[in-house]
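K.L.:
Just final-v3.pdb, nothing more (PDB, C-alpha atoms and all ligand atoms):
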```pdb
MODEL        1
ATOM      1  CA  MET P 777     -19.847  13.720  -5.756  1.00  0.00           C
ATOM      2  CA  SER P 778     -22.581  16.086  -6.914  1.00  0.00           C
ATOM      3  CA  VAL P 779     -22.256  18.192 -10.037  1.00  0.00           C
ATOM      4  CA  THR P 780     -23.707  21.612 -10.753  1.00  0.00           C
ATOM      5  CA  VAL P 781     -26.045  21.833 -13.720  1.00  0.00           C
ATOM      6  CA  LEU P 782     -26.916  25.311 -14.957  1.00  0.00           C
ATOM      7  CA  PHE P 783     -29.983  25.795 -17.123  1.00  0.00           C
ATOM      8  CA  LEU P 784     -28.947  29.107 -18.623  1.00  0.00           C
ATOM      9  CA  PRO P 785     -32.168  29.937 -20.494  1.00  0.00           C
ATOM     10  CA  ASP P 786     -34.091  29.597 -17.223  1.00  0.00           C
ATOM     11  CA  ARG P 787     -31.335  30.940 -14.972  1.00  0.00           C
ATOM     12  CA  ILE P 788     -31.738  27.923 -12.713  1.00  0.00           C
ATOM     13  CA  THR P 789     -28.909  26.050 -11.057  1.00  0.00           C
ATOM     14  CA  VAL P 790     -29.374  22.593  -9.584  1.00  0.00           C
ATOM     15  CA  THR P 791     -27.115  19.874  -8.250  1.00  0.00           C
ATOM     16  CA  ALA P 792     -27.191  16.431  -9.798  1.00  0.00           C
ATOM     17  CA  GLU P 793     -25.396  13.131  -9.588  1.00  0.00           C
ATOM     18  CA  PRO P 794     -23.135  12.034 -12.460  1.00  0.00           C
ATOM     19  CA  GLY P 795     -25.036   9.569 -14.606  1.00  0.00           C
ATOM     20  CA  GLU P 796     -28.434  11.128 -13.935  1.00  0.00           C
ATOM     21  CA  ARG P 797     -30.468  11.793 -17.069  1.00  0.00           C
ATOM     22  CA  LEU P 798     -30.695  15.455 -18.010  1.00  0.00           C
ATOM     23  CA  LEU P 799     -34.445  15.194 -18.387  1.00  0.00           C
ATOM     24  CA  SER P 800     -34.806  14.012 -14.788  1.00  0.00           C
ATOM     25  CA  VAL P 801     -32.569  16.789 -13.528  1.00  0.00           C
ATOM     26  CA  ALA P 802     -34.569  19.365 -15.472  1.00  0.00           C
ATOM     27  CA  ALA P 803     -37.853  18.061 -14.107  1.00  0.00           C
ATOM     28  CA  ARG P 804     -36.533  18.191 -10.558  1.00  0.00           C
ATOM     29  CA  ALA P 805     -35.417  21.785 -11.138  1.00  0.00           C
ATOM     30  CA  GLY P 806     -38.794  22.776 -12.558  1.00  0.00           C
ATOM     31  CA  VAL P 807     -37.354  23.289 -16.041  1.00  0.00           C
ATOM     32  CA  SER P 808     -39.684  22.218 -18.802  1.00  0.00           C
ATOM     33  CA  ILE P 809     -38.138  20.274 -21.685  1.00  0.00           C
ATOM     34  CA  PRO P 810     -40.656  19.025 -24.235  1.00  0.00           C
ATOM     35  CA  THR P 811     -40.692  15.285 -24.917  1.00  0.00           C
ATOM     36  CA  SER P 812     -42.508  12.961 -27.234  1.00  0.00           C
ATOM     37  CA  CYS P 813     -41.024   9.493 -27.114  1.00  0.00           C
ATOM     38  CA  LEU P 814     -38.583   9.243 -24.146  1.00  0.00           C
ATOM     39  CA  ARG P 815     -36.708   6.590 -26.149  1.00  0.00           C
ATOM     40  CA  GLY P 816     -34.294   8.765 -28.108  1.00  0.00           C
ATOM     41  CA  ALA P 817     -36.198   8.616 -31.387  1.00  0.00           C
ATOM     42  CA  CYS P 818     -38.054  11.908 -31.757  1.00  0.00           C
ATOM     43  CA  TYR P 819     -35.346  14.492 -30.924  1.00  0.00           C
ATOM     44  CA  VAL P 820     -38.000  16.794 -29.425  1.00  0.00           C
ATOM     45  CA  CYS P 821     -35.982  17.028 -26.202  1.00  0.00           C
ATOM     46  CA  LYS P 822     -32.783  18.355 -27.813  1.00  0.00           C
ATOM     47  CA  VAL P 823     -30.719  20.820 -25.806  1.00  0.00           C
ATOM     48  CA  GLU P 824     -27.446  22.573 -26.524  1.00  0.00           C
ATOM     49  CA  ILE P 825     -24.644  22.153 -24.021  1.00  0.00           C
ATOM     50  CA  GLU P 826     -21.865  24.682 -23.659  1.00  0.00           C
ATOM     51  CA  GLY P 827     -18.693  23.419 -25.297  1.00  0.00           C
ATOM     52  CA  GLN P 828     -20.388  20.732 -27.397  1.00  0.00           C
ATOM     53  CA  ALA P 829     -20.757  21.182 -31.148  1.00  0.00           C
ATOM     54  CA  ASN P 830     -24.010  19.256 -31.531  1.00  0.00           C
ATOM     55  CA  PRO P 831     -27.257  19.246 -29.536  1.00  0.00           C
ATOM     56  CA  VAL P 832     -27.982  16.236 -27.339  1.00  0.00           C
ATOM     57  CA  ARG P 833     -31.194  14.466 -26.390  1.00  0.00           C
ATOM     58  CA  ALA P 834     -32.069  15.281 -22.791  1.00  0.00           C
ATOM     59  CA  CYS P 835     -33.933  11.991 -22.362  1.00  0.00           C
ATOM     60  CA  LEU P 836     -30.740  10.026 -23.096  1.00  0.00           C
ATOM     61  CA  GLU P 837     -27.871  12.321 -22.116  1.00  0.00           C
ATOM     62  CA  THR P 838     -26.438  11.845 -18.663  1.00  0.00           C
ATOM     63  CA  VAL P 839     -24.803  14.307 -16.319  1.00  0.00           C
ATOM     64  CA  PRO P 840     -20.997  14.248 -16.586  1.00  0.00           C
ATOM     65  CA  THR P 841     -18.588  14.560 -13.679  1.00  0.00           C
ATOM     66  CA  GLU P 842     -18.062  18.309 -14.051  1.00  0.00           C
ATOM     67  CA  LEU P 843     -20.105  21.494 -14.420  1.00  0.00           C
ATOM     68  CA  LEU P 844     -22.699  21.225 -17.148  1.00  0.00           C
ATOM     69  CA  THR P 845     -24.271  24.289 -18.715  1.00  0.00           C
ATOM     70  CA  ILE P 846     -27.401  23.975 -20.838  1.00  0.00           C
ATOM     71  CA  VAL P 847     -27.347  27.004 -23.100  1.00  0.00           C
ATOM     72  CA  HIS P 848     -30.422  26.432 -25.243  1.00  0.00           C
ATOM     73  CA  ARG P 849     -33.486  24.240 -25.528  1.00  0.00           C
ATOM     74  CA  CYS P 850     -33.604  23.522 -29.253  1.00  0.00           C
ATOM     75  CA  SER P 851     -37.090  22.176 -29.631  1.00  0.00           C
ATOM     76  CA  THR P 852     -38.678  25.496 -28.747  1.00  0.00           C
ATOM     77  CA  THR P 853     -37.173  27.098 -31.837  1.00  0.00           C
ATOM     78  CA  VAL P 854     -37.060  24.244 -34.384  1.00  0.00           C
TER      79      VAL P 854
HETATM   80  S1  LIG F   1     -38.123  12.595 -25.941  1.00  0.00           S
HETATM   81 FE1  LIG F   1     -37.823  11.732 -27.891  1.00  0.00          FE
HETATM   82  S2  LIG F   1     -35.689  11.802 -28.165  1.00  0.00           S
HETATM   83 FE2  LIG F   1     -35.983  12.546 -26.160  1.00  0.00          FE
ENDMDL
END
```
Turn this file's structure into structure tokens for me.
Ligand code: FES
P.N.:
Amino acid sequence: MSVTVLFLPDRITVTAEPGERLLSVAARAGVSIPTSCLRGACYVCKVEIEGQANPVRACLETVPTELLTIVHRCSTTV
């Protein structure tokens, strides 16, 4: 069952499959998330997710089974 992913800073909504990597979903939606390593080591791809206390790495984080709202791309301001 598809899940809605909302990229709030870009005002873009896209559907994704649970387990898909956030970075792949963003790329498919035309949302640019900077990357450096794609292995989870550099933290350049950090994004904030609504309802989560700490940022996550978009290259590692997967889409959950319910609505996911990306509220901020951290690397553009760090
Ligand atoms: S691109 Fe390096 S941690 Fe995601």
K.L.:
By how many Å are atom CA of P:Ala834 and atom CA of P:Arg787 apart?
P.N.:
17.5 Å
K.L.:
Residues near P:Gln828, anyone? I mean within 12 Å using only C-alpha atoms, not counting same-chain ones fewer than 4 positions away, as an MDAnalysis selection string.
P.N.:
chainID P and resid 823:824 832 844:848
K.L.:
Quick one: what's the axis-aligned box for stretch 788-807 of chain P, all listed atoms, 6 Å on every side, centre and edges in Å to one decimal, as lines of an AutoDock Vina configuration file?
P.N.:
```
center_x = -31.0
center_y = 18.7
center_z = -13.3
size_x = 27.7
size_y = 30.4
size_z = 22.1
```
K.L.:
Enter the distance from atom CA of P:Tyr819 to atom CA of P:Thr789, in Å, rounded to one decimal.
P.N.:
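So the answer is 23.9 Å.
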K.L.:
Would you tabulate, counting only C-alpha atoms and all ligand atoms, all residues of chain P that have an atom at most 12 Å from an atom of ligand LIG 1 (chain F), showing the closest pair of atoms and their distance in Å to one decimal, sorted by chain then ascending number, as a tab-separated table?
P.N.:
```
residue	atom	partner	partner_atom	distance
P:Arg797	CA	F:LIG1	FE2	10.7
P:Leu798	CA	F:LIG1	FE2	10.1
P:Leu799	CA	F:LIG1	FE2	8.4
P:Ser800	CA	F:LIG1	FE2	11.5
P:Ile809	CA	F:LIG1	S1	8.8
P:Pro810	CA	F:LIG1	S1	7.1
P:Thr811	CA	F:LIG1	S1	3.9
P:Ser812	CA	F:LIG1	S1	4.6
P:Cys813	CA	F:LIG1	FE1	4.0
P:Leu814	CA	F:LIG1	S1	3.8
P:Arg815	CA	F:LIG1	FE1	5.5
P:Gly816	CA	F:LIG1	S2	3.3
P:Ala817	CA	F:LIG1	S2	4.6
P:Cys818	CA	F:LIG1	FE1	3.9
P:Tyr819	CA	F:LIG1	S2	3.9
P:Val820	CA	F:LIG1	FE1	5.3
P:Cys821	CA	F:LIG1	FE2	4.5
P:Lys822	CA	F:LIG1	FE2	6.8
P:Val823	CA	F:LIG1	FE2	9.8
P:Pro831	CA	F:LIG1	S2	11.3
P:Val832	CA	F:LIG1	FE2	8.9
P:Arg833	CA	F:LIG1	FE2	5.2
P:Ala834	CA	F:LIG1	FE2	5.8
P:Cys835	CA	F:LIG1	FE2	4.4
P:Leu836	CA	F:LIG1	FE2	6.6
P:Glu837	CA	F:LIG1	FE2	9.1
P:Arg849	CA	F:LIG1	FE2	12.0
P:Cys850	CA	F:LIG1	FE2	11.6
P:Ser851	CA	F:LIG1	FE2	10.3
```
K.L.:
What is the atom CA of P:Glu826 to atom CA of P:Ala802 distance in Å?
P.N.:
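Pair atom CA of P:Glu826 / atom CA of P:Ala802 returns 16.0 Å.
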K.L.:
Set the distance at 7 Å and use all atoms listed in the file: which residues neighbour P:Thr791 once local chain neighbours fewer than 3 positions away are removed? I'd like the list as a list in words.
P.N.:
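So, after excluding close chain neighbours, the residues are Ser778, Val779, Thr780 and Val781 of chain P.
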K.L.:
Which polymer residues have any atom within 12 Å of an atom of P:Met777, counting all atoms listed in the file, with same-chain residues fewer than 5 positions away left out, as number ranges by chain?
P.N.:
P: 791-795, 839-843
K.L.:
With distances taken over only C-alpha atoms, which residue among P:Ala829, P:Leu784, P:Thr838, P:Val790 lies nearest P:Ala803?
P.N.:
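Between P:Ala829, P:Leu784, P:Thr838, P:Val790, the residue approaching P:Ala803 most closely is P:Val790.
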